[in-house]
Amino acid sequence: MPKIKKARIAVKIDMTPMVDVAFLLLTFFMLTTQFRPAEEVAIILPSSHSAFKLPESDVMLVTISKDNRIFLGFDSQRLMGKLFGEENRLRTSVEVTTKELPDLLIRARIANPKLRTVVKGDVDAEYGLAEDIMDIFQKTQITRFNLVTDLKRD
Amino acid sequence: MAGVDTAAPRGHDKKKKKKKKMRRLSIRIDMTPMVDVAFLLLTFFMLTTTMSRPQTMEINLPPSNTNVEVAMSNLMTLRVKDDGKIYWNIGVDDPKRVEYKDLRTLMVQQSQQNPRLITLLKVDRKGKYRMMVDIMDELNLAKVTRFSLAPMQEADKKILSKVPA
């Protein structure tokens, strides 16, 4: 007697919806992703519990590097070109000295009064330099600024 | 599985056999490689994208031309030496050493005892930027909002050098 043959059902899965969703996600991530802009120097950020977010636009970024150099950068290329010359238009920040800084800060804020000042200091930068920069801020009437930190969780 | 059929012969075409038959080729495109690449790109973008923006700490400085008179008894001075040691005193008392991890409890205690306390933070110029951020973070966590930064002068260093280690 022959065995009862099990009918084999060919499973055919329609993958179309999955592929549709995959493409949707792909387009979403491709459009929203922002590559980290190339930095002049690598900065190791100090950490804090503060949960303020960095503003998205009109940012004036003063970077203090590990070897105590100061970099000034803006998020708009127009302003970079205006202050540092057209050849530096595409750079994210340009090295400045404490002598040039007050003048540049004032000129930048004349060009865009909405600028928000952000200080990004390396953990190992000397405090004296940060103190000088804060002194310059005070003299140029920048009374509110933000320090970039990493979020500390404990 | 992932395929596209185009120009499949339709049923009613069979009736018009006398007409010159248009040869419609049934083209089957295998979409598998394209979908593979799409998934590859999807994973790449999902992994490289960073959704969070960096955190910041906000600081308000008083305008340079203002002078605030503070009674000595309401003034707490925090001095940080270049090696990161923290000393505190109120008014003209002798500075006392405090460990960084005990700073928060100290600040909470002191501000409860005297709600009008104003904190002055003096960090040695040779100190690290990290010290300032860490201490300001502790002050914020202790809900001490009234503090200011002042340069550390030679007189401060002299006071600190008298403190027994």
# chains A, B, ... in the order shown; residues from 1 in each chain; ligands from 1

$ interface_residues --of "chain B" --to "chain A" --cutoff "9 Å" --atoms "only C-alpha atoms" --output "ChimeraX atom specification"
/B:1-3,35,38-39,41-43,45-46,48-64,123-134,136-138,140-141,149-151

$ select_by_dssp --residues "stretch 13-84 of chain A" --states "helix (DSSP H, G or I)" --output "JSON, numbers by chain"
{"A": [16, 17, 18, 19, 20, 21, 22, 23, 24, 25, 26, 27, 28, 29, 30, 31, 32, 77, 78, 79, 80, 81, 82, 83, 84]}

$ write_last_selection --atoms "C-alpha atoms" --output "PDB file, in the first residue's frame"
ATOM      1  CA  THR A  16       6.995  43.500  -2.231  1.00  0.00           C
ATOM      2  CA  PRO A  17       5.648  45.243   0.902  1.00  0.00           C
ATOM      3  CA  MET A  18       8.837  44.545   2.810  1.00  0.00           C
ATOM      4  CA  VAL A  19      10.940  45.930   0.001  1.00  0.00           C
ATOM      5  CA  ASP A  20       8.672  48.969  -0.165  1.00  0.00           C
ATOM      6  CA  VAL A  21       9.170  49.657   3.515  1.00  0.00           C
ATOM      7  CA  ALA A  22      12.895  49.108   3.173  1.00  0.00           C
ATOM      8  CA  PHE A  23      13.096  51.687   0.411  1.00  0.00           C
ATOM      9  CA  LEU A  24      11.005  54.098   2.403  1.00  0.00           C
ATOM     10  CA  LEU A  25      13.364  53.800   5.352  1.00  0.00           C
ATOM     11  CA  LEU A  26      16.333  54.053   3.036  1.00  0.00           C
ATOM     12  CA  THR A  27      15.124  57.326   1.561  1.00  0.00           C
ATOM     13  CA  PHE A  28      14.329  58.624   5.040  1.00  0.00           C
ATOM     14  CA  PHE A  29      17.776  57.879   6.392  1.00  0.00           C
ATOM     15  CA  MET A  30      19.476  59.136   3.262  1.00  0.00           C
ATOM     16  CA  LEU A  31      17.689  62.457   3.475  1.00  0.00           C
ATOM     17  CA  THR A  32      17.967  63.000   7.217  1.00  0.00           C
ATOM     18  CA  GLN A  77      29.458  79.557   4.663  1.00  0.00           C
ATOM     19  CA  ARG A  78      28.508  83.098   3.797  1.00  0.00           C
ATOM     20  CA  LEU A  79      29.750  84.341   7.138  1.00  0.00           C
ATOM     21  CA  MET A  80      32.916  82.235   6.934  1.00  0.00           C
ATOM     22  CA  GLY A  81      33.674  83.811   3.569  1.00  0.00           C
ATOM     23  CA  LYS A  82      32.930  87.291   4.805  1.00  0.00           C
ATOM     24  CA  LEU A  83      35.142  87.142   7.865  1.00  0.00           C
ATOM     25  CA  PHE A  84      38.009  84.929   6.788  1.00  0.00           C
TER      26      PHE A  84
END

$ closest_residue --among "B:Ser161, B:Gln109, B:Asn89, B:Thr119" --to "B:Arg146" --atoms "only C-alpha atoms"
B:Thr119

$ atom_distance --atom1 "atom CA of A:Glu40" --atom2 "atom CA of A:Gly73"
9.9 Å

$ decode --residues "stretch 18-82 of chain A" --atoms "C-alpha atoms" --output "compact mmCIF listing (two decimals), in the first residue's frame"
# COMPACT_ATOMS: atom_id res chain seq x y z
CA MET A 18 8.84 44.54 2.81
CA VAL A 19 10.94 45.93 0.00
CA ASP A 20 8.67 48.97 -0.16
CA VAL A 21 9.17 49.66 3.52
CA ALA A 22 12.89 49.11 3.17
CA PHE A 23 13.10 51.69 0.41
CA LEU A 24 11.01 54.10 2.40
CA LEU A 25 13.36 53.80 5.35
CA LEU A 26 16.33 54.05 3.04
CA THR A 27 15.12 57.33 1.56
CA PHE A 28 14.33 58.62 5.04
CA PHE A 29 17.78 57.88 6.39
CA MET A 30 19.48 59.14 3.26
CA LEU A 31 17.69 62.46 3.48
CA THR A 32 17.97 63.00 7.22
CA THR A 33 21.54 61.92 7.71
CA GLN A 34 24.08 64.63 8.24
CA PHE A 35 27.66 63.70 8.11
CA ARG A 36 29.76 65.12 10.82
CA PRO A 37 31.62 68.08 9.36
CA ALA A 38 35.35 67.68 9.18
CA GLU A 39 36.88 69.35 12.18
CA GLU A 40 40.14 71.21 12.25
CA VAL A 41 41.12 69.51 15.49
CA ALA A 42 39.75 66.59 17.43
CA ILE A 43 38.12 67.67 20.68
CA ILE A 44 37.38 65.44 23.64
CA LEU A 45 34.38 66.98 25.30
CA PRO A 46 33.91 67.22 29.04
CA SER A 47 30.72 65.71 30.36
CA SER A 48 27.93 67.27 32.35
CA HIS A 49 24.35 66.56 33.38
CA SER A 50 23.01 69.55 31.51
CA ALA A 51 20.37 68.66 28.96
CA PHE A 52 20.29 71.79 26.82
CA LYS A 53 20.53 70.98 23.17
CA LEU A 54 22.94 72.73 20.88
CA PRO A 55 21.06 75.23 18.69
CA GLU A 56 20.70 74.10 15.10
CA SER A 57 21.43 77.31 13.28
CA ASP A 58 23.14 80.67 13.76
CA VAL A 59 25.96 79.12 15.71
CA MET A 60 29.25 80.80 16.38
CA LEU A 61 31.61 78.13 17.63
CA VAL A 62 34.75 78.93 19.56
CA THR A 63 36.88 75.83 19.86
CA ILE A 64 39.69 75.48 22.38
CA SER A 65 41.96 72.61 21.46
CA LYS A 66 44.09 70.40 23.65
CA ASP A 67 47.26 72.26 22.70
CA ASN A 68 45.65 75.61 23.62
CA ARG A 69 44.87 76.94 20.18
CA ILE A 70 41.66 78.80 19.45
CA PHE A 71 39.49 78.19 16.42
CA LEU A 72 36.52 80.26 15.38
CA GLY A 73 33.85 78.83 13.13
CA PHE A 74 30.36 79.58 11.89
CA ASP A 75 27.73 77.28 10.49
CA SER A 76 27.01 79.56 7.55
CA GLN A 77 29.46 79.56 4.66
CA ARG A 78 28.51 83.10 3.80
CA LEU A 79 29.75 84.34 7.14
CA MET A 80 32.92 82.24 6.93
CA GLY A 81 33.67 83.81 3.57
CA LYS A 82 32.93 87.29 4.80
